[in-house]
Amino acid sequence: MDTVRIAVVGAGVMGLSTAVCISKMVPGCSITVISDKFTPETTSDVAAGMLIPPTYPDTPIQKQKQWFKETFDHLFAIVNSAEAEDAGVILVSGWQIFQSIPTEEVPYWADVVLGFRKMTKDELKKFPQHVFGHAFTTLKCEGPAYLPWLQKRVKGNGGLILTRRIEDLWELHPSFDIVVNCSGLGSRQLAGDSKIFPVRGQVLKVQAPWVKHFIRDSSGLTYIYPGVSNVTLGGTRQKGDWNLSPDAEISKEILSRCCALEPSLRGAYDLREKVGLRPTRPSVRLEKELLAQDSRRLPVVHHYGHGSGGIAMHWGTALEATRLVNECVQVLRTPAPKSKL
């Protein structure tokens with residue numbers, strides 16, 4: 001049986017995790033990851049990587065929960081292994097706090113994270129402006145360690161990594177039999193998707209080794225996420241803004257908002273600004289498309305558009321993308337019926 005040649009376009013967390021899943025689950029194929037940007041130049045490198053998922057309005061909650069649980073289970077297995085440090089995956093406990101009691105007191109993901117409960121009155125004394133909160137333990141997956149770890153897995157499973165800018169998916173025909181499009185915002189051009197747009201996120205990475213608990217304001221706009229080697233302070237959510245240059249005024253405002261929640265951050269040092277553009281659309285695009293041009297055919301699996309939930313959902317959606325790739329492989333391997341003429 002001939003090897004099926006698969007190209008994965010994009011080398012952020014979607015592209016690399018999908019490549020790893022395919023190499024594990026689809027026998028008899030070769031995988032090439034093609035991108036013009038690799039770690040540490042991707043959006044996934046800027047992401048704080050906290051496993052607190054967003055809610056996608058156009059996606060059934062059960063489906064979102066499945067994606068999150070599969071991702072949590074995958075990373076929980078890593079955090080409990082000798083690979084944890086190499087992969088940049090840690091457990092972190094903390095609080096999500098609210099200025100008014102939310103309509104939904106228990107989010108859909110409450111029984112996936114560990115030890116989820118309402119905050120006590122005494123705990124809430126730490127946050128005098130807030131009246132309600134959740135306490136739980138979750139995972140943090142850090143792009144600058146996790147992406148190289150995934151790349152190593154791709155190569156270890158026989159995959160190739162290629163630095164090249166793709167302007168049109170047809171460039172990959174006939175060298176490849178199936179294309180997996182994990183190009184994020186690049187899909188505006190590559191897939192003609194006008195629904196995808198950037199939501200700009202600016203963060204500060206600071207040294208504050210005494211901060212051990214995460215704190216997240218319920219809006220998700222202000223957050224303090226301690227990691228392996230720094231603390232991420234955020235953030236912004238600027239729709240349609242493509243600017244990758246940090247804005248000094250915004251940095252000041254982020255620091256001031258975070259200090260209001262954790263005054264000890266006034267002593268933070270070695271502040272570094274980072275900007276990432278979240279690839280956002282009404283729902284994640286996870287589907288097959290058969291491109292046709294004259295007599296040529298190119299099966300494509302689209303896997304992009306996770307917005308702020310990329311790392312929180314990546315493994316669950318990569319497994320689903322892999323199932324779609326497997327379906328394309330089966331079609332290619334099914335002999336066409338012979339004409340009776």
# chains A, B, ... in the order shown; residues from 1 in each chain; ligands from 1
>>> residues_around(residues="Trp170 in chain A", least_positions_apart="2", cutoff="10 Å", atoms="only C-alpha atoms", output="PyMOL selection string")
chain A and resi 166-168+172-176+179+190+291-293+296-298
>>> residues_around(residues="range 110-114 of chain A", least_positions_apart="4", cutoff="10 Å", atoms="only C-alpha atoms", output="list in words")
Leu51, Ile52, Lys65, Gln66, Phe68, Lys69, Glu70, Phe72, Asp73, Leu91, Ser93, Glu105, Val106, His134, Ala135, Phe136, Thr137, Thr138 and Leu139 of chain A
>>> write_last_selection(atoms="all heavy atoms", output="short mmCIF file (atom, residue, chain, number, x, y, z; two decimals), in the first residue's frame")
data_model
loop_
_atom_site.label_atom_id
_atom_site.label_comp_id
_atom_site.auth_asym_id
_atom_site.auth_seq_id
_atom_site.Cartn_x
_atom_site.Cartn_y
_atom_site.Cartn_z
N LEU A 51 -5.15 26.25 31.37
CA LEU A 51 -6.28 25.42 30.98
C LEU A 51 -7.55 25.88 31.69
O LEU A 51 -8.04 25.28 32.64
CB LEU A 51 -5.99 23.93 31.20
CG LEU A 51 -5.47 23.31 29.87
CD1 LEU A 51 -4.03 23.70 29.61
CD2 LEU A 51 -5.65 21.82 29.84
N ILE A 52 -8.04 27.02 31.23
CA ILE A 52 -9.35 27.56 31.63
C ILE A 52 -10.02 27.89 30.30
O ILE A 52 -9.64 28.86 29.64
CB ILE A 52 -9.21 28.83 32.50
CG1 ILE A 52 -8.40 28.53 33.77
CG2 ILE A 52 -10.59 29.38 32.86
CD1 ILE A 52 -8.09 29.76 34.63
N LYS A 65 -16.76 20.45 26.02
CA LYS A 65 -16.29 19.75 27.22
C LYS A 65 -15.40 18.56 26.84
O LYS A 65 -14.38 18.30 27.49
CB LYS A 65 -17.49 19.28 28.05
CG LYS A 65 -17.07 18.68 29.38
CD LYS A 65 -18.24 18.48 30.31
CE LYS A 65 -17.76 17.90 31.62
NZ LYS A 65 -18.84 17.74 32.60
N GLN A 66 -15.79 17.86 25.76
CA GLN A 66 -14.97 16.73 25.29
C GLN A 66 -13.58 17.20 24.87
O GLN A 66 -12.57 16.62 25.27
CB GLN A 66 -15.68 16.05 24.11
CG GLN A 66 -14.89 14.89 23.52
CD GLN A 66 -15.47 14.42 22.17
OE1 GLN A 66 -16.66 14.58 21.92
NE2 GLN A 66 -14.63 13.87 21.32
N PHE A 68 -12.00 19.86 25.83
CA PHE A 68 -11.24 20.31 27.00
C PHE A 68 -10.77 19.12 27.84
O PHE A 68 -9.62 19.07 28.26
CB PHE A 68 -12.09 21.26 27.85
CG PHE A 68 -11.35 21.80 29.06
CD1 PHE A 68 -10.17 22.50 28.91
CD2 PHE A 68 -11.84 21.59 30.34
CE1 PHE A 68 -9.48 23.00 30.02
CE2 PHE A 68 -11.15 22.07 31.46
CZ PHE A 68 -9.97 22.78 31.29
N LYS A 69 -11.65 18.16 28.04
CA LYS A 69 -11.28 17.00 28.87
C LYS A 69 -10.16 16.19 28.22
O LYS A 69 -9.22 15.75 28.89
CB LYS A 69 -12.51 16.11 29.12
CG LYS A 69 -12.13 14.90 30.02
CD LYS A 69 -13.32 14.20 30.61
CE LYS A 69 -12.94 12.91 31.32
NZ LYS A 69 -11.66 12.94 32.08
N GLU A 70 -10.26 15.99 26.90
CA GLU A 70 -9.19 15.23 26.22
C GLU A 70 -7.85 15.97 26.31
O GLU A 70 -6.80 15.35 26.47
CB GLU A 70 -9.58 14.99 24.75
CG GLU A 70 -10.67 13.93 24.62
CD GLU A 70 -11.26 13.80 23.22
OE1 GLU A 70 -11.07 14.70 22.39
OE2 GLU A 70 -11.93 12.78 22.97
N PHE A 72 -7.04 18.15 28.76
CA PHE A 72 -6.63 18.11 30.17
C PHE A 72 -6.01 16.74 30.49
O PHE A 72 -4.93 16.66 31.11
CB PHE A 72 -7.84 18.37 31.08
CG PHE A 72 -7.46 18.73 32.49
CD1 PHE A 72 -7.34 20.06 32.87
CD2 PHE A 72 -7.20 17.74 33.45
CE1 PHE A 72 -6.99 20.41 34.18
CE2 PHE A 72 -6.84 18.08 34.75
CZ PHE A 72 -6.73 19.42 35.12
N ASP A 73 -6.66 15.67 30.04
CA ASP A 73 -6.15 14.31 30.31
C ASP A 73 -4.77 14.10 29.70
O ASP A 73 -3.87 13.52 30.32
CB ASP A 73 -7.12 13.25 29.78
CG ASP A 73 -8.43 13.20 30.59
OD1 ASP A 73 -8.48 13.83 31.67
OD2 ASP A 73 -9.38 12.54 30.12
N LEU A 91 1.17 22.02 37.23
CA LEU A 91 -0.10 22.21 37.92
C LEU A 91 -0.06 23.54 38.66
O LEU A 91 0.98 23.90 39.23
CB LEU A 91 -0.33 21.09 38.95
CG LEU A 91 -0.80 19.75 38.39
CD1 LEU A 91 -0.58 18.65 39.42
CD2 LEU A 91 -2.27 19.81 37.99
N SER A 93 -2.60 26.22 41.20
CA SER A 93 -3.86 26.44 41.91
C SER A 93 -4.12 27.93 42.04
O SER A 93 -3.18 28.74 42.06
CB SER A 93 -3.79 25.83 43.31
OG SER A 93 -3.53 24.45 43.22
N GLU A 105 -23.17 29.65 38.11
CA GLU A 105 -22.21 29.57 39.23
C GLU A 105 -21.20 28.45 39.04
O GLU A 105 -20.10 28.49 39.59
CB GLU A 105 -22.96 29.39 40.56
CG GLU A 105 -23.66 30.66 41.00
CD GLU A 105 -24.10 30.61 42.46
OE1 GLU A 105 -23.51 29.84 43.24
OE2 GLU A 105 -25.04 31.35 42.81
N VAL A 106 -21.58 27.44 38.25
CA VAL A 106 -20.68 26.31 38.01
C VAL A 106 -20.47 26.16 36.50
O VAL A 106 -21.41 25.81 35.78
CB VAL A 106 -21.26 24.99 38.60
CG1 VAL A 106 -20.32 23.83 38.32
CG2 VAL A 106 -21.49 25.14 40.10
N HIS A 134 -14.36 31.18 42.37
CA HIS A 134 -14.08 29.74 42.25
C HIS A 134 -12.63 29.49 42.65
O HIS A 134 -11.76 30.28 42.28
CB HIS A 134 -14.24 29.28 40.79
CG HIS A 134 -15.60 29.50 40.21
ND1 HIS A 134 -15.79 29.92 38.90
CD2 HIS A 134 -16.83 29.38 40.75
CE1 HIS A 134 -17.09 30.02 38.66
NE2 HIS A 134 -17.74 29.71 39.77
N ALA A 135 -12.40 28.41 43.37
CA ALA A 135 -11.04 27.97 43.66
C ALA A 135 -10.85 26.61 43.01
O ALA A 135 -11.74 25.76 43.08
CB ALA A 135 -10.84 27.86 45.18
N PHE A 136 -9.72 26.41 42.34
CA PHE A 136 -9.46 25.12 41.70
C PHE A 136 -7.99 25.01 41.30
O PHE A 136 -7.24 25.98 41.36
CB PHE A 136 -10.37 24.90 40.47
CG PHE A 136 -10.29 25.98 39.41
CD1 PHE A 136 -9.44 25.85 38.32
CD2 PHE A 136 -11.08 27.12 39.51
CE1 PHE A 136 -9.38 26.84 37.34
CE2 PHE A 136 -11.03 28.11 38.53
CZ PHE A 136 -10.17 27.97 37.45
N THR A 137 -7.62 23.81 40.94
CA THR A 137 -6.27 23.54 40.42
C THR A 137 -6.42 23.17 38.95
O THR A 137 -7.28 22.36 38.60
CB THR A 137 -5.63 22.38 41.19
OG1 THR A 137 -5.51 22.77 42.57
CG2 THR A 137 -4.25 22.03 40.65
N THR A 138 -5.58 23.77 38.11
CA THR A 138 -5.61 23.40 36.70
C THR A 138 -4.18 23.24 36.20
O THR A 138 -3.23 23.23 36.98
CB THR A 138 -6.44 24.41 35.88
OG1 THR A 138 -6.61 23.89 34.56
CG2 THR A 138 -5.79 25.79 35.83
N LEU A 139 -4.05 23.10 34.89
CA LEU A 139 -2.73 22.92 34.28
C LEU A 139 -2.34 24.18 33.54
O LEU A 139 -3.19 24.93 33.08
CB LEU A 139 -2.77 21.74 33.30
CG LEU A 139 -2.96 20.37 33.95
CD1 LEU A 139 -3.60 19.39 32.98
CD2 LEU A 139 -1.61 19.83 34.43
#
>>> residues_around(residues="Asp86 in chain A", least_positions_apart="5", cutoff="8 Å", atoms="only C-alpha atoms", output="short mmCIF file (atom, residue, chain, number, x, y, z; two decimals) with N, CA and C atoms, in the first residue's frame")
data_model
loop_
_atom_site.label_atom_id
_atom_site.label_comp_id
_atom_site.auth_asym_id
_atom_site.auth_seq_id
_atom_site.Cartn_x
_atom_site.Cartn_y
_atom_site.Cartn_z
N ALA A 145 8.24 25.98 25.73
CA ALA A 145 8.80 24.64 26.01
C ALA A 145 8.00 23.56 25.28
N TYR A 146 6.66 23.74 25.27
CA TYR A 146 5.78 22.70 24.72
C TYR A 146 5.93 22.55 23.20
N TRP A 149 8.98 20.63 22.31
CA TRP A 149 8.73 19.25 22.74
C TRP A 149 7.88 18.53 21.68
#
>>> residues_around(residues="range 225-242 of chain A", least_positions_apart="6", cutoff="6 Å", atoms="only C-alpha atoms", output="MDAnalysis selection string")
chainID A and resid 197:207 214 254
>>> residues_around(residues="Pro282 in chain A", least_positions_apart="5", cutoff="7 Å", atoms="only C-alpha atoms", output="JSON, numbers by chain")
{"A": [56, 57, 58]}
>>> write_last_selection(atoms="C-alpha atoms", output="mmCIF file, in the first residue's frame")
data_model
loop_
_atom_site.group_PDB
_atom_site.id
_atom_site.type_symbol
_atom_site.label_atom_id
_atom_site.label_comp_id
_atom_site.auth_asym_id
_atom_site.auth_seq_id
_atom_site.Cartn_x
_atom_site.Cartn_y
_atom_site.Cartn_z
ATOM 1 C CA TYR A 56 -17.677 29.066 21.872
ATOM 2 C CA PRO A 57 -21.240 30.310 21.298
ATOM 3 C CA ASP A 58 -21.855 28.236 18.138
#
>>> residues_around(residues="Ser283 in chain A", least_positions_apart="6", cutoff="10 Å", atoms="only C-alpha atoms", output="list of chain:residue names")
A:Thr55, A:Tyr56, A:Pro57, A:Asp58, A:Thr59, A:Lys195, A:Ile196, A:Tyr304, A:Gly305, A:His306, A:Gly307
>>> closest_residue(among="A:Leu221, A:Val26, A:Ala47, A:Val180", to="Gly10 in chain A", atoms="only C-alpha atoms")
A:Val180
>>> closest_residue(among="A:Arg285, A:Arg165, A:Lys212, A:Arg257", to="Asp193 in chain A", atoms="only C-alpha atoms")
A:Arg285
